[in-house]
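S.K.: This structure is in structure tokens; I'll ask about it shortly.
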Amino acid sequence: DESSLCPTSIDVFQKSCWKCRATLKLEDGEFCLYAMHAHPLFKIPICSVCADEVLCVELDSAADPTQCSGCAVDEEDAEILLLCDSCPRAFCGTCVACSHGGGEQGRKQVELLSNTDDKWSCPFCKPPAALESLQRYMERIGEEEESKERTVEDIISELEKVEAERKEFEYQMSPPVLKEKSAEVRAELCMSMESMSTEEIDDAVEEEMEDWKHEWA
């Protein structure tokens, strides 16, 4: 479920990649600028690998876009792909929800847009207030980091930490791990709530899994 990857607040992207959610702000409060880039469109934090993927989508502009300009996801893998009426771009539901602040308010905005025929300007053409706030944050960080110096050893250490975070996120979101986690949650619920119906347990498992995904997002 694409919407389950939308965090409860856009603030998580002050230290994480917009696309893969890898941590870009290290434990000591420092940023790894050699892994953190400005999003090609939004000018917000994104890792170097994802920045390249998004840039490829932007350079391959087509009259009928089939990839999200925000995160490069293909339309086959997106729950919904919204076409902008002001430019030749499309954005997935997750990117739109996140740009509107994430959480319930973001998901409601996507639901509203998907059920109306009104013309729509995408987050690039008309950035929502939440996205603008993140853009201003990125500007401040850029100004602060420009005044700092790093050694080659610092850079290598930072890159290793970011890569470790990326691999851990990908592992936790892999189908086998998600399946195993879902089975664990179901077993715990069945033992502690024997009076629940199968349908109620299914709903509870889904809710628990969404909360768990949010923690990693």
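Scheme for the structure tokens: letters A, B, ... for chains in order shown; per-chain residue numbers from 1; ligand numbers from 1 in order shown.
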At a cut-off of 9 Å, using only C-alpha atoms, what residues contact Ser182 of chain A? Leave out same-chain residues fewer than 2 positions from it and give the result as a list in words.
M.R.: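 In the requested form, the answer reads Val177, Leu178, Lys179, Glu180, Glu184, Val185, Arg186, Ala187, Val205, Glu206, Glu208 and Met209 of chain A.
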S.K.: Next, the residues of the selection above should be written as a compact mmCIF listing (two decimals), in the first residue's frame with all heavy atoms.
M.R.:
# COMPACT_ATOMS: atom_id res chain seq x y z
N VAL A 177 10.76 -9.90 5.02
CA VAL A 177 10.73 -9.33 6.38
C VAL A 177 9.33 -8.84 6.72
O VAL A 177 8.85 -9.05 7.84
CB VAL A 177 11.75 -8.17 6.51
CG1 VAL A 177 11.60 -7.48 7.86
CG2 VAL A 177 13.16 -8.71 6.35
N LEU A 178 8.68 -8.19 5.77
CA LEU A 178 7.31 -7.71 6.01
C LEU A 178 6.37 -8.88 6.28
O LEU A 178 5.50 -8.80 7.15
CB LEU A 178 6.82 -6.91 4.81
CG LEU A 178 7.50 -5.55 4.57
CD1 LEU A 178 6.96 -4.92 3.29
CD2 LEU A 178 7.26 -4.62 5.75
N LYS A 179 6.55 -9.97 5.53
CA LYS A 179 5.72 -11.15 5.73
C LYS A 179 5.95 -11.76 7.10
O LYS A 179 5.00 -12.13 7.81
CB LYS A 179 6.02 -12.18 4.63
CG LYS A 179 5.15 -13.43 4.71
CD LYS A 179 5.46 -14.37 3.55
CE LYS A 179 4.59 -15.61 3.62
NZ LYS A 179 4.90 -16.55 2.49
N GLU A 180 7.21 -11.84 7.51
CA GLU A 180 7.55 -12.40 8.81
C GLU A 180 7.01 -11.53 9.95
O GLU A 180 6.46 -12.04 10.93
CB GLU A 180 9.07 -12.53 8.95
CG GLU A 180 9.52 -13.14 10.27
CD GLU A 180 11.03 -13.26 10.37
OE1 GLU A 180 11.71 -12.97 9.36
OE2 GLU A 180 11.53 -13.64 11.44
N GLU A 184 4.21 -12.43 12.86
CA GLU A 184 4.46 -12.24 14.29
C GLU A 184 3.34 -11.44 14.95
O GLU A 184 2.87 -11.78 16.03
CB GLU A 184 5.80 -11.53 14.48
CG GLU A 184 7.01 -12.36 14.14
CD GLU A 184 8.29 -11.57 14.30
OE1 GLU A 184 8.23 -10.39 14.71
OE2 GLU A 184 9.38 -12.13 14.02
N VAL A 185 2.94 -10.37 14.28
CA VAL A 185 1.88 -9.52 14.82
C VAL A 185 0.58 -10.31 14.92
O VAL A 185 -0.14 -10.23 15.93
CB VAL A 185 1.67 -8.28 13.92
CG1 VAL A 185 0.43 -7.51 14.34
CG2 VAL A 185 2.90 -7.38 13.97
N ARG A 186 0.28 -11.11 13.89
CA ARG A 186 -0.95 -11.90 13.89
C ARG A 186 -0.95 -12.92 15.02
O ARG A 186 -1.96 -13.11 15.71
CB ARG A 186 -1.12 -12.60 12.54
CG ARG A 186 -2.40 -13.43 12.41
CD ARG A 186 -2.52 -14.02 11.03
NE ARG A 186 -2.61 -12.98 10.02
CZ ARG A 186 -3.74 -12.36 9.70
NH1 ARG A 186 -4.87 -12.69 10.32
NH2 ARG A 186 -3.75 -11.45 8.77
N ALA A 187 0.19 -13.56 15.23
CA ALA A 187 0.29 -14.57 16.28
C ALA A 187 0.08 -13.95 17.66
O ALA A 187 -0.61 -14.51 18.52
CB ALA A 187 1.66 -15.26 16.21
N VAL A 205 -4.00 -6.30 12.33
CA VAL A 205 -2.67 -6.59 11.77
C VAL A 205 -2.27 -5.50 10.79
O VAL A 205 -1.13 -5.01 10.80
CB VAL A 205 -2.65 -7.97 11.07
CG1 VAL A 205 -1.35 -8.14 10.28
CG2 VAL A 205 -2.79 -9.08 12.09
N GLU A 206 -3.20 -5.12 9.94
CA GLU A 206 -2.92 -4.07 8.94
C GLU A 206 -2.56 -2.76 9.63
O GLU A 206 -1.62 -2.06 9.21
CB GLU A 206 -4.14 -3.87 8.04
CG GLU A 206 -3.90 -2.85 6.92
CD GLU A 206 -5.09 -2.72 5.99
OE1 GLU A 206 -6.04 -3.54 6.11
OE2 GLU A 206 -5.08 -1.80 5.16
N GLU A 208 -1.32 -2.38 12.71
CA GLU A 208 -0.02 -2.54 13.36
C GLU A 208 1.12 -2.44 12.35
O GLU A 208 2.16 -1.82 12.61
CB GLU A 208 0.05 -3.89 14.06
CG GLU A 208 -0.79 -3.99 15.32
CD GLU A 208 -0.09 -3.35 16.52
OE1 GLU A 208 1.12 -3.05 16.42
OE2 GLU A 208 -0.76 -3.14 17.54
N MET A 209 0.94 -3.02 11.17
CA MET A 209 1.98 -3.00 10.14
C MET A 209 2.19 -1.59 9.60
O MET A 209 3.31 -1.18 9.30
CB MET A 209 1.62 -3.96 9.00
CG MET A 209 1.73 -5.43 9.38
SD MET A 209 3.40 -5.89 9.93
CE MET A 209 4.34 -5.59 8.43
S.K.: If you run DSSP on the backbone, which residues of segment 2-216 of chain A are alpha helix (DSSP H), as JSON, numbers by chain?
M.R.: {"A": [48, 49, 50, 51, 52, 53, 54, 55, 56, 57, 58, 59, 93, 94, 95, 96, 97, 98, 99, 103, 104, 105, 106, 107, 108, 109, 110, 111, 112, 113, 114, 129, 130, 131, 132, 133, 134, 135, 136, 137, 138, 139, 140, 141, 142, 143, 144, 145, 146, 152, 153, 154, 155, 156, 157, 158, 159, 160, 161, 162, 163, 164, 165, 166, 167, 168, 169, 170, 171, 172, 175, 176, 177, 178, 179, 180, 181, 182, 183, 184, 185, 186, 187, 188, 189, 190, 191, 192, 198, 199, 200, 201, 202, 203, 204, 205, 206, 207, 208, 209, 210, 211, 212, 213, 214, 215, 216]}
S.K.: Got a sec to tell me which of segment 58-168 of chain A DSSP assigns to strand (DSSP E or B), as a ChimeraX atom specification?
M.R.: /A:67,74,81-83,90-92
S.K.: Do you know which residues are at most 8 Å from Cys95 of chain A counting only C-alpha atoms, after dropping those on the same chain fewer than 4 positions away, and could you put them as a ChimeraX atom specification?
M.R.: /A:6,70-71,91,99
S.K.: In Å to one decimal, how far is atom CA of Asp77 of chain A from atom CA of Ala129 of chain A?
M.R.: 27.4 Å
S.K.: Find the distance between atom CA of Ala22 of chain A and atom CA of Gly106 of chain A and write it in Å to one decimal.
M.R.: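 So the two atoms, atom CA of Ala22 of chain A and atom CA of Gly106 of chain A, lie 20.9 Å apart.
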S.K.: Compare A:Ile80, A:Cys50, A:Cys87, A:Met36 by their minimum atom-to-atom distance to Leu24 of chain A, counting only C-alpha atoms, and give me the closest one.
M.R.: A:Met36
S.K.: With distances taken over only C-alpha atoms, which residue among A:Gln105, A:Ser86, A:Ser48, A:Thr94 lies nearest Lys126 of chain A?
M.R.: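 Nearest candidate to Lys126 of chain A out of A:Gln105, A:Ser86, A:Ser48, A:Thr94: A:Ser86.
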